[in-house]
Amino acid sequence: MTATTVDTNAADHDDHDHGPTKGIGRWLYSTNHKDIGTMYLIFSLTMFFIGGAMAMVIRSELAIPGLQFVHPEFFNQMTTMHALIMVFGAVMPAFVGLANWMIPLMIGAPDMALPRMNNWSFWILPIAFGILLSTLFMPGGAPAGGWTMYPPLILQTGDAFPFLIFAVHLMGLSSIMGAINVIVTIINMRAPDMTLLKMPMFVWTWLITAYLLIAVMPVLAGAVTMLLTDQFFGTSFFLAAGGGDPVMFQHIFWFFGHPEVYIMILPAFGVVSEIIPTFARKKLFGHDSMVYAASCIAFLSFIVWAHHMFTVGMPLTGQLFFMFATMLIAVPTGVKIFNWVATMWRGSMTFETPMLFSLAFVFLFTIGGFSGVMLAIQPADVQYHDTYFVVAHFHYVLVPGSVFAIMAGAYYWLPKWTGHMYNEKLGKLHFWASTIFVNLTFFPMHFLGLAGMPRRIPDYSTQFTDFNTIASIGAIGFGLSQLIFIAVLLTARKGAKATDRVWEGSHGLEWTVPSPAPWHTFTTPPKARIANESFE
Amino acid sequence: MDELERKKNIRRTTLIFVAIALAFYVGFIMMGVVRS
């Protein structure tokens, strides 16, 4: 393994390095990609705990049959808000935070291409979620019609309705601005000799994700705009009484909603594709095929939306098309899984915390993928639809999938951010506790779903008691396990000083700058042999 | 690529993607208008 050749002066080139301003102004007016990345990550962690607290309410209520703690109406508010917060407030901003921090470092750019828009993209988010969370205290409570916001049910929301719509618009605006920034940065700001196919996988997956975001977030915005006009301006887009079609909302929503799933998982693929080669001490197997696979997944994500609607009713040809198109996604996804395994094959593997989270990702995301193929089978889906099997499926994709990848990325790059090694013992404890409890929480839900337990209910038949109790114990354990991560963060600057390269097998431009990464990096473009070349 | 050229490219790419986003937003609402 040879070291990456770079212009070493690039990292601390400081002809205009004035450093950050002091006080709150540094964060309010920041246009620095590292500061904005940090704010995104802190915001996302905060939302993760708020959304997690709502999950605790849900699982506490479901621990035993009967109504224990909350009214059914509040239970519905919790399920709706938990989903909205986790999707738009925790997972997506976490990946945007990682993108902000790492993409300029990985492509040798001094900052994002549109730094002031970057500031706006972030600061819109706390406003959006402040508005959304404020609905909990409004007459009629928070939205309770599910994160899918299907009419006519969602139109029964009380005072919270316009606030929900406004908050969703703001979240969409933030995401679109962030996505435009990522695309413009990657297209225009790469180091001179970094061709597209030499870009690291994290950058590639984010580029594809950004295209998805620009295509589908406006669609969601359009859908909720129509909901708003149906409610307040006398239109009948989705109101059957006025000649509208409620099913049209479902089509439009899922045209956004399915690519949204890939928006939350493609950057996770990118993170894992960075980590596994590092700790296997081999170059990524089939880099280019990974790029093509991610592109295929992104394309297919646009033509499978109606598999969420098999029970709504559609022509047989429609059912067949969406079933087979959905199954087709397993092919490029399989390419990725096999490439990760092939990367590890005969590698000199070590099992530091980022690698452990990445390995768990490969195993557990695959479980979520398999149950996805089961759900794609239209005749079987009629049985599974709206049961806990679906809840088990998407939580396997999103928790040990997306969330574990975010954790892996955080541990992987933390020394680069702080300049110190985190506490490895605490990290491993966090990993093992999370992995055990995540399975304890979500695996029994497969059985509950197959046995016929519907989702989104606060009470259930006594036959479902045992698995629900196990899932609730697991959920509380998983929630508490995340406090270990807080301990890791609080002690993150007490560890040994991190080297520039941090990990023995690390590769790419981000490891050529000092740890912690200086406030300004690559003010002159690096002359680099890039990424995988360092392994040849 | 000189700095001026880069800035021009950045502006052009930004405008293209803003236009695409707006087209999707307006397009889907127009689809709703036509359908309802």
# chains A, B, ... in the order shown; residues from 1 in each chain; ligands from 1

call {"tool": "residues_around", "arguments": {"residues": "A:Gly372", "least_positions_apart": "3", "cutoff": "12 Å", "atoms": "only C-alpha atoms", "output": "JSON, numbers by chain"}}
result
{"A": [261, 307, 308, 323, 326, 327, 328, 329, 330, 333, 365, 366, 367, 368, 369, 375, 376, 377, 378, 380, 381, 384, 385, 389, 390, 391, 392, 393, 394, 395, 396, 397, 446]}

call {"tool": "write_last_selection", "arguments": {"atoms": "N, CA and C atoms", "output": "mmCIF file, in the first residue's frame"}}
result
data_model
loop_
_atom_site.group_PDB
_atom_site.id
_atom_site.type_symbol
_atom_site.label_atom_id
_atom_site.label_comp_id
_atom_site.auth_asym_id
_atom_site.auth_seq_id
_atom_site.Cartn_x
_atom_site.Cartn_y
_atom_site.Cartn_z
ATOM 1 N N VAL A 261 -37.066 6.333 -0.161
ATOM 2 C CA VAL A 261 -36.420 5.199 0.502
ATOM 3 C C VAL A 261 -34.959 5.123 0.058
ATOM 4 N N HIS A 307 -46.154 -0.431 -5.827
ATOM 5 C CA HIS A 307 -46.133 -1.626 -4.972
ATOM 6 C C HIS A 307 -46.559 -1.279 -3.550
ATOM 7 N N HIS A 308 -46.583 0.004 -3.222
ATOM 8 C CA HIS A 308 -47.105 0.430 -1.920
ATOM 9 C C HIS A 308 -48.633 0.423 -1.927
ATOM 10 N N MET A 323 -44.830 -5.431 -9.721
ATOM 11 C CA MET A 323 -44.232 -6.564 -9.004
ATOM 12 C C MET A 323 -42.851 -6.885 -9.594
ATOM 13 N N THR A 326 -40.237 -4.126 -9.172
ATOM 14 C CA THR A 326 -39.733 -4.082 -7.793
ATOM 15 C C THR A 326 -38.713 -5.188 -7.552
ATOM 16 N N MET A 327 -39.043 -6.389 -8.052
ATOM 17 C CA MET A 327 -38.110 -7.516 -7.854
ATOM 18 C C MET A 327 -36.778 -7.258 -8.544
ATOM 19 N N LEU A 328 -36.839 -6.522 -9.652
ATOM 20 C CA LEU A 328 -35.629 -6.222 -10.422
ATOM 21 C C LEU A 328 -34.608 -5.444 -9.576
ATOM 22 N N ILE A 329 -35.106 -4.657 -8.606
ATOM 23 C CA ILE A 329 -34.183 -3.857 -7.776
ATOM 24 C C ILE A 329 -33.243 -4.761 -6.989
ATOM 25 N N ALA A 330 -33.678 -5.990 -6.729
ATOM 26 C CA ALA A 330 -32.818 -6.908 -5.974
ATOM 27 C C ALA A 330 -31.517 -7.193 -6.728
ATOM 28 N N THR A 333 -28.974 -4.303 -6.197
ATOM 29 C CA THR A 333 -28.687 -4.316 -4.755
ATOM 30 C C THR A 333 -27.808 -5.515 -4.425
ATOM 31 N N PHE A 365 -29.230 -5.196 6.737
ATOM 32 C CA PHE A 365 -29.913 -4.556 5.609
ATOM 33 C C PHE A 365 -30.383 -5.629 4.633
ATOM 34 N N THR A 366 -29.582 -6.692 4.484
ATOM 35 C CA THR A 366 -29.972 -7.771 3.571
ATOM 36 C C THR A 366 -31.259 -8.444 4.054
ATOM 37 N N ILE A 367 -31.419 -8.575 5.366
ATOM 38 C CA ILE A 367 -32.679 -9.124 5.890
ATOM 39 C C ILE A 367 -33.847 -8.226 5.466
ATOM 40 N N GLY A 368 -33.643 -6.909 5.617
ATOM 41 C CA GLY A 368 -34.685 -5.958 5.195
ATOM 42 C C GLY A 368 -34.930 -6.042 3.692
ATOM 43 N N GLY A 369 -33.878 -6.292 2.932
ATOM 44 C CA GLY A 369 -34.013 -6.428 1.481
ATOM 45 C C GLY A 369 -34.820 -7.659 1.115
ATOM 46 N N LEU A 375 -42.470 -8.718 0.059
ATOM 47 C CA LEU A 375 -43.578 -7.752 -0.053
ATOM 48 C C LEU A 375 -43.862 -7.379 -1.504
ATOM 49 N N ALA A 376 -42.857 -7.557 -2.370
ATOM 50 C CA ALA A 376 -43.054 -7.205 -3.781
ATOM 51 C C ALA A 376 -43.979 -8.198 -4.482
ATOM 52 N N ILE A 377 -44.109 -9.398 -3.913
ATOM 53 C CA ILE A 377 -44.952 -10.420 -4.547
ATOM 54 C C ILE A 377 -46.408 -10.034 -4.325
ATOM 55 N N GLN A 378 -47.054 -9.590 -5.374
ATOM 56 C CA GLN A 378 -48.372 -8.972 -5.222
ATOM 57 C C GLN A 378 -49.372 -9.851 -4.469
ATOM 58 N N ALA A 380 -48.910 -12.162 -2.304
ATOM 59 C CA ALA A 380 -48.523 -12.268 -0.897
ATOM 60 C C ALA A 380 -48.723 -10.930 -0.191
ATOM 61 N N ASP A 381 -48.473 -9.847 -0.919
ATOM 62 C CA ASP A 381 -48.590 -8.517 -0.307
ATOM 63 C C ASP A 381 -50.008 -8.232 0.171
ATOM 64 N N TYR A 384 -49.780 -9.373 3.566
ATOM 65 C CA TYR A 384 -48.862 -8.628 4.444
ATOM 66 C C TYR A 384 -49.267 -7.175 4.646
ATOM 67 N N HIS A 385 -50.031 -6.631 3.688
ATOM 68 C CA HIS A 385 -50.252 -5.190 3.663
ATOM 69 C C HIS A 385 -50.803 -4.665 4.991
ATOM 70 N N PHE A 389 -45.538 -6.938 9.559
ATOM 71 C CA PHE A 389 -44.467 -7.413 8.687
ATOM 72 C C PHE A 389 -43.850 -6.236 7.931
ATOM 73 N N VAL A 390 -44.720 -5.320 7.507
ATOM 74 C CA VAL A 390 -44.234 -4.127 6.796
ATOM 75 C C VAL A 390 -43.401 -3.265 7.748
ATOM 76 N N VAL A 391 -43.870 -3.148 8.990
ATOM 77 C CA VAL A 391 -43.129 -2.357 9.985
ATOM 78 C C VAL A 391 -41.741 -2.979 10.205
ATOM 79 N N ALA A 392 -41.717 -4.323 10.308
ATOM 80 C CA ALA A 392 -40.427 -5.011 10.481
ATOM 81 C C ALA A 392 -39.527 -4.740 9.278
ATOM 82 N N HIS A 393 -40.095 -4.863 8.074
ATOM 83 C CA HIS A 393 -39.308 -4.683 6.836
ATOM 84 C C HIS A 393 -38.650 -3.305 6.784
ATOM 85 N N PHE A 394 -39.466 -2.249 6.901
ATOM 86 C CA PHE A 394 -38.830 -0.940 6.665
ATOM 87 C C PHE A 394 -37.968 -0.494 7.830
ATOM 88 N N HIS A 395 -38.240 -1.049 9.041
ATOM 89 C CA HIS A 395 -37.326 -0.711 10.137
ATOM 90 C C HIS A 395 -35.987 -1.431 9.967
ATOM 91 N N TYR A 396 -35.994 -2.633 9.409
ATOM 92 C CA TYR A 396 -34.714 -3.305 9.142
ATOM 93 C C TYR A 396 -33.902 -2.532 8.110
ATOM 94 N N VAL A 397 -34.587 -1.932 7.146
ATOM 95 C CA VAL A 397 -33.874 -1.154 6.132
ATOM 96 C C VAL A 397 -33.355 0.162 6.728
ATOM 97 N N HIS A 446 -41.754 -9.418 12.454
ATOM 98 C CA HIS A 446 -42.058 -10.266 11.288
ATOM 99 C C HIS A 446 -43.140 -11.276 11.661
#

call {"tool": "residues_around", "arguments": {"residues": "B:Phe28", "least_positions_apart": "2", "cutoff": "12 Å", "atoms": "only C-alpha atoms", "output": "PyMOL selection string"}}
result
(chain A and resi 215-226+237+248-249+251-253+255-256) or (chain B and resi 21-26+30-35)

call {"tool": "atom_distance", "arguments": {"atom1": "atom CA of A:Ser348", "atom2": "atom CA of A:Lys428"}}
result
19.5 Å

call {"tool": "residues_around", "arguments": {"residues": "stretch 470-476 of chain A", "least_positions_apart": "5", "cutoff": "8 Å", "atoms": "only C-alpha atoms", "output": "ChimeraX atom specification"}}
result
/A:55-56,59-60,62-63,437-445

call {"tool": "residues_around", "arguments": {"residues": "stretch 123-125 of chain A", "least_positions_apart": "5", "cutoff": "9 Å", "atoms": "only C-alpha atoms", "output": "PyMOL selection string"}}
result
chain A and resi 28+40+43+89+93+118+130+167+170-171+173-174

call {"tool": "residues_around", "arguments": {"residues": "B:Arg6", "least_positions_apart": "3", "cutoff": "12 Å", "atoms": "only C-alpha atoms", "output": "CSV table (one decimal) with all heavy atoms, in the first residue's frame"}}
result
chain,number,residue,atom,x,y,z
A,113,ALA,N,-20.0,24.6,-3.3
A,113,ALA,CA,-20.1,25.6,-4.4
A,113,ALA,C,-20.9,26.8,-4.0
A,113,ALA,O,-20.7,27.9,-4.4
A,113,ALA,CB,-20.6,25.0,-5.7
A,184,VAL,N,-23.9,20.8,-7.8
A,184,VAL,CA,-23.1,21.8,-8.3
A,184,VAL,C,-21.7,21.7,-7.8
A,184,VAL,O,-20.7,21.9,-8.6
A,184,VAL,CB,-23.7,23.2,-8.0
A,184,VAL,CG1,-22.8,24.3,-8.4
A,184,VAL,CG2,-25.1,23.4,-8.6
A,185,THR,N,-21.5,21.3,-6.6
A,185,THR,CA,-20.2,21.2,-6.0
A,185,THR,C,-19.4,20.0,-6.7
A,185,THR,O,-18.3,20.2,-7.2
A,185,THR,CB,-20.3,20.8,-4.5
A,185,THR,OG1,-21.0,21.9,-3.9
A,185,THR,CG2,-18.9,20.7,-3.9
A,187,ILE,N,-20.0,18.6,-9.6
A,187,ILE,CA,-19.8,18.8,-11.0
A,187,ILE,C,-18.7,19.8,-11.3
A,187,ILE,O,-17.8,19.6,-12.2
A,187,ILE,CB,-21.1,19.2,-11.7
A,187,ILE,CG1,-22.0,18.0,-11.8
A,187,ILE,CG2,-20.8,19.7,-13.2
A,187,ILE,CD1,-23.4,18.3,-12.4
A,188,ASN,N,-18.6,20.8,-10.5
A,188,ASN,CA,-17.7,22.0,-10.8
A,188,ASN,C,-16.5,22.1,-9.9
A,188,ASN,O,-15.6,22.9,-10.3
A,188,ASN,CB,-18.5,23.3,-10.7
A,188,ASN,CG,-19.6,23.4,-11.7
A,188,ASN,OD1,-19.3,23.5,-12.9
A,188,ASN,ND2,-20.9,23.4,-11.3
A,189,MET,N,-16.4,21.4,-8.8
A,189,MET,CA,-15.4,21.8,-7.9
A,189,MET,C,-14.4,20.6,-7.6
A,189,MET,O,-13.6,20.7,-6.7
A,189,MET,CB,-16.0,22.1,-6.5
A,189,MET,CG,-17.0,23.2,-6.6
A,189,MET,SD,-16.4,24.9,-6.4
A,189,MET,CE,-16.0,24.9,-4.7
A,190,ARG,N,-14.4,19.6,-8.4
A,190,ARG,CA,-13.5,18.4,-8.2
A,190,ARG,C,-12.1,18.8,-8.5
A,190,ARG,O,-11.8,19.7,-9.3
A,190,ARG,CB,-13.9,17.3,-9.1
A,190,ARG,CG,-15.2,16.7,-8.8
A,190,ARG,CD,-15.4,15.3,-9.5
A,190,ARG,NE,-15.0,15.3,-10.9
A,190,ARG,CZ,-15.8,15.8,-11.9
A,190,ARG,NH1,-17.0,16.3,-11.6
A,190,ARG,NH2,-15.4,15.7,-13.2
B,1,MET,N,-9.3,25.3,-15.6
B,1,MET,CA,-10.5,26.2,-15.6
B,1,MET,C,-10.2,27.4,-14.7
B,1,MET,O,-9.9,27.2,-13.5
B,1,MET,CB,-11.7,25.4,-15.1
B,1,MET,CG,-13.0,26.1,-15.3
B,1,MET,SD,-14.3,25.3,-14.4
B,1,MET,CE,-14.2,23.6,-14.8
B,2,ASP,N,-10.4,28.6,-15.2
B,2,ASP,CA,-10.1,29.8,-14.4
B,2,ASP,C,-11.3,30.1,-13.5
B,2,ASP,O,-12.4,29.5,-13.7
B,2,ASP,CB,-9.7,31.0,-15.2
B,2,ASP,CG,-10.8,31.5,-16.0
B,2,ASP,OD1,-11.9,31.0,-15.9
B,2,ASP,OD2,-10.5,32.5,-16.8
B,3,GLU,N,-11.1,30.9,-12.5
B,3,GLU,CA,-12.1,31.2,-11.5
B,3,GLU,C,-13.4,31.7,-12.0
B,3,GLU,O,-14.5,31.4,-11.6
B,3,GLU,CB,-11.5,32.1,-10.4
B,3,GLU,CG,-12.2,32.1,-9.1
B,3,GLU,CD,-12.4,30.8,-8.5
B,3,GLU,OE1,-11.6,29.9,-8.6
B,3,GLU,OE2,-13.5,30.6,-7.8
B,9,ASN,N,-19.9,28.5,-14.6
B,9,ASN,CA,-20.5,27.1,-14.6
B,9,ASN,C,-21.3,26.8,-13.4
B,9,ASN,O,-22.4,26.1,-13.5
B,9,ASN,CB,-19.3,26.1,-14.7
B,9,ASN,CG,-18.6,26.1,-16.1
B,9,ASN,OD1,-19.2,26.6,-17.0
B,9,ASN,ND2,-17.4,25.6,-16.1
B,10,ILE,N,-20.9,27.3,-12.3
B,10,ILE,CA,-21.6,27.1,-11.0
B,10,ILE,C,-23.0,27.7,-11.2
B,10,ILE,O,-24.1,27.1,-10.9
B,10,ILE,CB,-20.9,27.6,-9.8
B,10,ILE,CG1,-19.7,26.7,-9.5
B,10,ILE,CG2,-21.8,27.8,-8.6
B,10,ILE,CD1,-18.8,27.2,-8.4
B,11,ARG,N,-23.0,28.9,-11.7
B,11,ARG,CA,-24.3,29.6,-11.8
B,11,ARG,C,-25.2,28.9,-12.8
B,11,ARG,O,-26.4,28.7,-12.6
B,11,ARG,CB,-24.1,31.1,-12.3
B,11,ARG,CG,-25.3,32.0,-12.1
B,11,ARG,CD,-25.0,33.4,-12.4
B,11,ARG,NE,-23.8,34.0,-11.7
B,11,ARG,CZ,-22.8,34.5,-12.4
B,11,ARG,NH1,-22.7,34.6,-13.7
B,11,ARG,NH2,-21.7,35.0,-11.7
B,12,ARG,N,-24.6,28.4,-13.9
B,12,ARG,CA,-25.4,27.8,-14.9
B,12,ARG,C,-26.0,26.4,-14.4
B,12,ARG,O,-27.2,26.1,-14.6
B,12,ARG,CB,-24.6,27.5,-16.2
B,12,ARG,CG,-25.4,27.1,-17.4
B,12,ARG,CD,-24.6,26.9,-18.6
B,12,ARG,NE,-23.5,26.0,-18.3
B,12,ARG,CZ,-22.3,26.1,-19.0
B,12,ARG,NH1,-22.1,27.0,-19.9
B,12,ARG,NH2,-21.3,25.2,-18.7
B,13,THR,N,-25.2,25.6,-13.7
B,13,THR,CA,-25.6,24.4,-13.2
B,13,THR,C,-26.7,24.6,-12.2
B,13,THR,O,-27.7,23.9,-12.2
B,13,THR,CB,-24.5,23.6,-12.5
B,13,THR,OG1,-23.3,23.8,-13.3
B,13,THR,CG2,-24.8,22.1,-12.5

call {"tool": "residues_around", "arguments": {"residues": "A:Pro72", "least_positions_apart": "5", "cutoff": "12 Å", "atoms": "only C-alpha atoms", "output": "PyMOL selection string"}}
result
chain A and resi 57-58+61-62+66-67+77-79+144+456-460

call {"tool": "write_last_selection", "arguments": {"atoms": "N, CA, C and O atoms", "output": "short mmCIF file (atom, residue, chain, number, x, y, z; two decimals), in the first residue's frame"}}
result
data_model
loop_
_atom_site.label_atom_id
_atom_site.label_comp_id
_atom_site.auth_asym_id
_atom_site.auth_seq_id
_atom_site.Cartn_x
_atom_site.Cartn_y
_atom_site.Cartn_z
N VAL A 57 -42.70 5.92 23.58
CA VAL A 57 -44.13 6.03 23.94
C VAL A 57 -44.93 4.93 23.24
O VAL A 57 -45.74 4.22 23.85
N ILE A 58 -44.65 4.76 21.94
CA ILE A 58 -45.37 3.76 21.14
C ILE A 58 -45.13 2.36 21.70
O ILE A 58 -46.07 1.60 21.94
N GLU A 61 -46.69 1.68 25.17
CA GLU A 61 -48.13 1.43 25.05
C GLU A 61 -48.39 0.02 24.55
O GLU A 61 -49.37 -0.64 24.95
N LEU A 62 -47.52 -0.47 23.67
CA LEU A 62 -47.75 -1.78 23.05
C LEU A 62 -47.11 -2.93 23.82
O LEU A 62 -47.20 -4.08 23.40
N GLY A 66 -54.19 -3.88 25.80
CA GLY A 66 -54.99 -2.91 26.55
C GLY A 66 -54.39 -1.52 26.43
O GLY A 66 -53.28 -1.36 25.93
N LEU A 67 -55.15 -0.53 26.87
CA LEU A 67 -54.66 0.85 26.82
C LEU A 67 -54.05 1.19 28.17
O LEU A 67 -54.71 1.18 29.19
N GLN A 77 -50.86 10.26 16.91
CA GLN A 77 -49.98 11.43 16.75
C GLN A 77 -48.51 11.01 16.88
O GLN A 77 -47.64 11.48 16.15
N MET A 78 -48.27 10.10 17.82
CA MET A 78 -46.90 9.64 18.05
C MET A 78 -46.36 8.88 16.84
O MET A 78 -45.22 9.08 16.42
N THR A 79 -47.18 7.99 16.27
CA THR A 79 -46.69 7.22 15.11
C THR A 79 -46.41 8.17 13.93
O THR A 79 -45.39 8.04 13.25
N ALA A 144 -52.18 13.24 12.93
CA ALA A 144 -52.31 11.86 13.38
C ALA A 144 -52.71 10.93 12.23
O ALA A 144 -53.06 9.78 12.47
N ARG A 456 -50.19 0.48 13.27
CA ARG A 456 -50.86 1.72 13.67
C ARG A 456 -52.07 1.47 14.56
O ARG A 456 -53.12 2.10 14.40
N ILE A 457 -51.95 0.53 15.52
CA ILE A 457 -53.03 0.33 16.50
C ILE A 457 -52.44 0.41 17.90
O ILE A 457 -51.33 -0.08 18.14
N PRO A 458 -53.15 1.01 18.85
CA PRO A 458 -52.61 1.14 20.21
C PRO A 458 -52.93 -0.08 21.10
O PRO A 458 -52.38 -0.21 22.19
N ASP A 459 -53.81 -0.93 20.65
CA ASP A 459 -54.22 -2.10 21.43
C ASP A 459 -54.31 -3.29 20.47
O ASP A 459 -54.42 -3.10 19.26
N TYR A 460 -54.23 -4.51 21.04
CA TYR A 460 -54.23 -5.66 20.13
C TYR A 460 -54.76 -6.88 20.86
O TYR A 460 -54.88 -6.91 22.09
#

call {"tool": "atom_distance", "arguments": {"atom1": "atom CA of A:Gly479", "atom2": "atom CA of A:Met86"}}
result
13.7 Å

call {"tool": "closest_residue", "arguments": {"among": "A:Ile263, A:Met39, A:Ile186, A:Ile337", "to": "A:Ser121", "atoms": "only C-alpha atoms"}}
result
A:Met39
